[in-house]
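As stored in work_26.pdb (PDB, C-alpha atoms, pLDDT in the B column):
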ATOM      1  CA  MET A  24      50.014   4.890-115.781  1.00 44.00           C
ATOM      2  CA  GLN A  25      52.996   4.752-113.440  1.00 48.00           C
ATOM      3  CA  ALA A  26      56.635   4.531-114.466  1.00 51.00           C
ATOM      4  CA  ASP A  27      57.387   2.514-111.336  1.00 52.00           C
ATOM      5  CA  ALA A  28      59.111  -0.821-112.016  1.00 54.00           C
ATOM      6  CA  ARG A  29      57.744  -2.460-108.877  1.00 58.00           C
ATOM      7  CA  ILE A  30      54.891  -4.882-109.387  1.00 59.00           C
ATOM      8  CA  TYR A  31      52.649  -6.064-106.556  1.00 62.00           C
ATOM      9  CA  SER A  32      50.696  -9.290-106.434  1.00 65.00           C
ATOM     10  CA  LEU A  33      47.067  -9.461-105.531  1.00 65.00           C
ATOM     11  CA  PRO A  34      46.283 -10.349-101.900  1.00 73.00           C
ATOM     12  CA  ARG A  35      46.222 -14.076-101.155  1.00 81.00           C
ATOM     13  CA  TRP A  36      44.028 -14.292 -98.070  1.00 86.00           C
ATOM     14  CA  ARG A  37      40.263 -14.282 -98.433  1.00 88.00           C
ATOM     15  CA  LEU A  38      39.769 -11.280 -96.125  1.00 88.00           C
ATOM     16  CA  THR A  39      42.407  -9.142 -97.831  1.00 81.00           C
ATOM     17  CA  ARG A  40      41.076 -10.084-101.278  1.00 79.00           C
ATOM     18  CA  TRP A  41      37.625  -9.027-100.145  1.00 84.00           C
ATOM     19  CA  LEU A  42      38.917  -5.710 -98.727  1.00 80.00           C
ATOM     20  CA  ALA A  43      40.939  -4.881-101.849  1.00 77.00           C
ATOM     21  CA  ASP A  44      38.359  -6.121-104.379  1.00 78.00           C
ATOM     22  CA  CYS A  45      37.505  -3.539-106.998  1.00 79.00           C
ATOM     23  CA  GLY A  46      34.878  -5.519-108.884  1.00 78.00           C
ATOM     24  CA  ALA A  47      34.744  -8.321-111.412  1.00 80.00           C
ATOM     25  CA  ASP A  48      34.673  -6.043-114.453  1.00 86.00           C
ATOM     26  CA  VAL A  49      38.137  -4.542-113.811  1.00 82.00           C
ATOM     27  CA  PRO A  50      40.926  -5.937-116.046  1.00 86.00           C
ATOM     28  CA  ASP A  51      43.769  -7.823-114.334  1.00 80.00           C
ATOM     29  CA  ASP A  52      46.466  -5.263-115.236  1.00 82.00           C
ATOM     30  CA  ILE A  53      44.384  -2.424-113.755  1.00 82.00           C
ATOM     31  CA  ARG A  54      43.630  -4.533-110.661  1.00 77.00           C
ATOM     32  CA  VAL A  55      47.375  -5.144-110.081  1.00 75.00           C
ATOM     33  CA  ALA A  56      48.096  -1.418-110.561  1.00 77.00           C
ATOM     34  CA  LEU A  57      45.410  -0.514-108.016  1.00 78.00           C
ATOM     35  CA  ILE A  58      46.854  -2.974-105.497  1.00 75.00           C
ATOM     36  CA  GLY A  59      50.326  -1.539-106.124  1.00 73.00           C
ATOM     37  CA  ASN A  60      49.013   1.941-105.390  1.00 75.00           C
ATOM     38  CA  LEU A  61      47.197   0.692-102.303  1.00 72.00           C
ATOM     39  CA  TYR A  62      50.258  -0.893-100.715  1.00 66.00           C
ATOM     40  CA  GLY A  63      53.104   1.072-102.240  1.00 69.00           C
ATOM     41  CA  THR A  64      52.331   4.782-101.965  1.00 74.00           C
ATOM     42  CA  LEU A  65      53.754   7.281 -99.519  1.00 78.00           C
ATOM     43  CA  PRO A  66      50.400   8.630 -98.183  1.00 81.00           C
ATOM     44  CA  VAL A  67      49.332   5.121 -97.169  1.00 78.00           C
ATOM     45  CA  PHE A  68      52.713   4.597 -95.505  1.00 80.00           C
ATOM     46  CA  ILE A  69      52.501   7.889 -93.587  1.00 85.00           C
ATOM     47  CA  GLY A  70      48.881   7.194 -92.630  1.00 87.00           C
ATOM     48  CA  GLY A  71      49.912   3.833 -91.198  1.00 85.00           C
ATOM     49  CA  ILE A  72      52.685   5.431 -89.167  1.00 88.00           C
ATOM     50  CA  LEU A  73      50.371   8.117 -87.815  1.00 92.00           C
ATOM     51  CA  ASN A  74      47.651   5.608 -87.018  1.00 93.00           C
ATOM     52  CA  THR A  75      49.839   3.200 -85.060  1.00 93.00           C
ATOM     53  CA  VAL A  76      51.635   5.922 -83.105  1.00 95.00           C
ATOM     54  CA  LEU A  77      48.446   7.865 -82.317  1.00 96.00           C
ATOM     55  CA  VAL A  78      46.539   4.789 -81.165  1.00 96.00           C
ATOM     56  CA  ALA A  79      49.410   3.598 -78.973  1.00 96.00           C
ATOM     57  CA  GLY A  80      49.927   7.161 -77.684  1.00 96.00           C
ATOM     58  CA  ALA A  81      46.253   7.638 -76.839  1.00 97.00           C
ATOM     59  CA  ILE A  82      46.124   4.360 -74.954  1.00 96.00           C
ATOM     60  CA  ALA A  83      49.401   5.094 -73.135  1.00 96.00           C
ATOM     61  CA  ALA A  84      48.102   8.563 -72.176  1.00 97.00           C
ATOM     62  CA  ARG A  85      44.784   7.148 -70.976  1.00 97.00           C
ATOM     63  CA  SER A  86      46.320   4.259 -69.037  1.00 95.00           C
ATOM     64  CA  PRO A  87      50.042   4.916 -68.467  1.00 95.00           C
ATOM     65  CA  THR A  88      50.968   1.437 -67.283  1.00 96.00           C
ATOM     66  CA  PRO A  89      54.438   0.110 -68.149  1.00 96.00           C
ATOM     67  CA  LEU A  90      52.964  -2.256 -70.739  1.00 96.00           C
ATOM     68  CA  PHE A  91      51.218   0.508 -72.720  1.00 96.00           C
ATOM     69  CA  VAL A  92      54.174   2.885 -72.463  1.00 97.00           C
ATOM     70  CA  ALA A  93      56.437   0.079 -73.710  1.00 97.00           C
ATOM     71  CA  TRP A  94      53.996  -0.552 -76.574  1.00 96.00           C
ATOM     72  CA  LEU A  95      54.208   3.127 -77.542  1.00 96.00           C
ATOM     73  CA  ALA A  96      58.017   3.016 -77.371  1.00 97.00           C
ATOM     74  CA  VAL A  97      58.118  -0.092 -79.583  1.00 96.00           C
ATOM     75  CA  GLU A  98      55.743   1.509 -82.115  1.00 94.00           C
ATOM     76  CA  ILE A  99      57.907   4.628 -82.288  1.00 94.00           C
ATOM     77  CA  ALA A 100      61.057   2.516 -82.699  1.00 94.00           C
ATOM     78  CA  ILE A 101      59.463   0.483 -85.498  1.00 91.00           C
ATOM     79  CA  CYS A 102      58.289   3.625 -87.292  1.00 88.00           C
ATOM     80  CA  LEU A 103      61.725   5.246 -87.015  1.00 88.00           C
ATOM     81  CA  THR A 104      63.257   2.062 -88.417  1.00 88.00           C
ATOM     82  CA  ARG A 105      60.823   2.136 -91.339  1.00 81.00           C
ATOM     83  CA  LEU A 106      61.777   5.746 -92.066  1.00 78.00           C
ATOM     84  CA  ALA A 107      65.475   4.823 -92.022  1.00 80.00           C
ATOM     85  CA  VAL A 108      65.036   2.081 -94.656  1.00 76.00           C
ATOM     86  CA  PRO A 109      65.290   3.496 -98.199  1.00 63.00           C
ATOM     87  CA  PRO A 110      62.162   2.902-100.318  1.00 60.00           C
ATOM     88  CA  THR A 111      64.118   1.062-103.009  1.00 53.00           C
ATOM     89  CA  SER A 112      65.157  -1.654-100.579  1.00 43.00           C
ATOM     90  CA  THR A 113      61.637  -2.510 -99.454  1.00 44.00           C
ATOM     91  CA  CYS A 114      60.203  -5.855-100.462  1.00 47.00           C
ATOM     92  CA  CYS A 115      58.395  -5.923-103.781  1.00 46.00           C
ATOM     93  CA  PHE A 116      55.870  -8.627-104.444  1.00 44.00           C
ATOM     94  CA  ARG A 117      56.016  -9.862-108.005  1.00 45.00           C
ATOM     95  CA  SER A 118      53.146 -11.245-109.985  1.00 44.00           C
ATOM     96  CA  PRO A 119      53.703 -14.399-112.091  1.00 44.00           C
ATOM     97  CA  GLY A 120      54.117 -12.388-115.310  1.00 46.00           C
ATOM     98  CA  ALA A 121      56.361  -9.735-113.789  1.00 45.00           C
ATOM     99  CA  ALA A 122      59.626 -11.159-115.072  1.00 43.00           C
ATOM    100  CA  ALA A 123      58.352 -11.317-118.619  1.00 44.00           C
ATOM    101  CA  SER A 124      56.921  -7.796-118.546  1.00 46.00           C
ATOM    102  CA  ALA A 125      60.051  -6.370-116.903  1.00 46.00           C
ATOM    103  CA  THR A 126      62.334  -7.821-119.577  1.00 45.00           C
ATOM    104  CA  ALA A 127      60.032  -6.614-122.365  1.00 46.00           C
ATOM    105  CA  ARG A 128      60.564  -2.953-121.424  1.00 46.00           C
TER     106      ARG A 128
END

Can you give me the file's structure in the form of C-alpha cells?
Amino acid sequence: MQADARIYSLPRWRLTRWLADCGADVPDDIRVALIGNLYGTLPVFIGGILNTVLVAGAIAARSPTPLFVAWLAVEIAICLTRLAVPPTSTCCFRSPGAAASATAR
C-alpha cells in the first residue's frame, strides 16, 4: 500500500462515521488506510481550498456586502496559511495500535 508513516484514526462522530463507512466486510487495516487517503491526500486538500474560495467568491460577487467580502478575505487568508504550513507539520491522528506498528517497522 502506501509508504506513508502517518496513521489516521477512524471518525468518531456518528455522522462522519456514516459518511466514511465503506461496509462491514472491509478489514480494519484497509478501513484505516482508506480514511487516511480520504483525509490526507493532496487532491482532497486542493478540492477543499477550491470549494471554500469559490463558494465565498460566488456569494461575495452576488451580494457584495462588507460581511460577504470579509468572509471571502478570511477564506483566502486561511487557505494561504494552509499552503504555507509544510505537510509534515500537519496534525496526524494516531490509531490505538499506531505506536506498536510504527516501532515494528

Original post:
On this structure, which residues satisfy the PyMOL selection byres ((chain A and resi 44) around 10), written as a list in words?
Top reply: Leu33, Pro34, Leu38, Thr39, Arg40, Trp41, Leu42, Ala43, Cys45, Gly46, Ala47, Val49, Arg54, Leu57 and Ile58 of chain A

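Interatomic distance, atom CA of A:Gly80 to atom CA of A:Phe68: 18.2 Å.
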
**OP:** Could you jot down the atom CA of A:Val76 to atom CA of A:Leu61 separation for me, Å, one decimal place?
**Re:**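 Calculated distance between atom CA of A:Val76 and atom CA of A:Leu61 is 20.4 Å.
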
Subject >> Selection near A:Ile82, 9 Å with all atoms listed in the file, sequence-local residues under 3 positions removed, as an MDAnalysis selection string >> reply: chainID A and resid 77:79 85:87 91:92 95

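Here atom CA of A:Ala83 is placed at a distance of 12.0 Å from atom CA of A:Val97.
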
Subject >> Proximity to A:Leu106 - best of A:Asp52, A:Ile72, A:Gly59, A:Arg35, all atoms listed in the file >> reply: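 The shortest atom-to-atom distance to A:Leu106 comes from A:Ile72.
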
Kindly compute an axis-aligned box around the listed atoms of stretch 56-66 of chain A, allowing 6 Å on each side, and express its centre and edge lengths in Å to one decimal as lines of an AutoDock Vina configuration file.
center_x = 49.6
center_y = 2.8
center_z = -104.4
size_x = 20.3
size_y = 23.6
size_z = 24.4

Subject >> Option closest in space to A:Trp94, from A:Val67, A:Val108, A:Leu73, A:Ala81 [counting all atoms listed in the file] >> reply: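 Counting all atoms listed in the file, the residue closest to A:Trp94 is A:Ala81.
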
Kindly add N, CA and C atoms to the incomplete stretch 33-47 of chain A and provide the output as a CSV table (one decimal), keeping the file's coordinate frame.
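Final output, result26.csv:
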chain,number,residue,atom,x,y,z
A,33,LEU,N,48.4,-9.6,-106.2
A,33,LEU,CA,47.1,-9.5,-105.5
A,33,LEU,C,47.1,-10.1,-104.2
A,34,PRO,N,46.3,-9.7,-103.2
A,34,PRO,CA,46.3,-10.3,-101.9
A,34,PRO,C,45.9,-11.8,-102.0
A,35,ARG,N,46.5,-12.6,-101.1
A,35,ARG,CA,46.2,-14.1,-101.2
A,35,ARG,C,45.1,-14.5,-100.2
A,36,TRP,N,45.0,-13.9,-99.1
A,36,TRP,CA,44.0,-14.3,-98.1
A,36,TRP,C,42.6,-13.8,-98.5
A,37,ARG,N,41.6,-14.6,-98.1
A,37,ARG,CA,40.3,-14.3,-98.4
A,37,ARG,C,39.8,-12.9,-97.9
A,38,LEU,N,40.2,-12.6,-96.7
A,38,LEU,CA,39.8,-11.3,-96.1
A,38,LEU,C,40.4,-10.1,-96.9
A,39,THR,N,41.7,-10.2,-97.1
A,39,THR,CA,42.4,-9.1,-97.8
A,39,THR,C,42.0,-9.0,-99.3
A,40,ARG,N,41.6,-10.2,-99.9
A,40,ARG,CA,41.1,-10.1,-101.3
A,40,ARG,C,39.7,-9.4,-101.3
A,41,TRP,N,38.9,-9.7,-100.3
A,41,TRP,CA,37.6,-9.0,-100.1
A,41,TRP,C,37.8,-7.5,-99.9
A,42,LEU,N,38.7,-7.1,-99.0
A,42,LEU,CA,38.9,-5.7,-98.7
A,42,LEU,C,39.4,-4.9,-99.9
A,43,ALA,N,40.3,-5.6,-100.7
A,43,ALA,CA,40.9,-4.9,-101.8
A,43,ALA,C,40.2,-5.1,-103.2
A,44,ASP,N,39.1,-5.8,-103.1
A,44,ASP,CA,38.4,-6.1,-104.4
A,44,ASP,C,37.8,-4.9,-105.0
A,45,CYS,N,38.0,-4.7,-106.3
A,45,CYS,CA,37.5,-3.5,-107.0
A,45,CYS,C,36.4,-3.9,-108.0
A,46,GLY,N,36.0,-5.1,-108.0
A,46,GLY,CA,34.9,-5.5,-108.9
A,46,GLY,C,35.3,-6.5,-109.9
A,47,ALA,N,34.4,-7.3,-110.4
A,47,ALA,CA,34.7,-8.3,-111.4
A,47,ALA,C,35.0,-7.8,-112.8
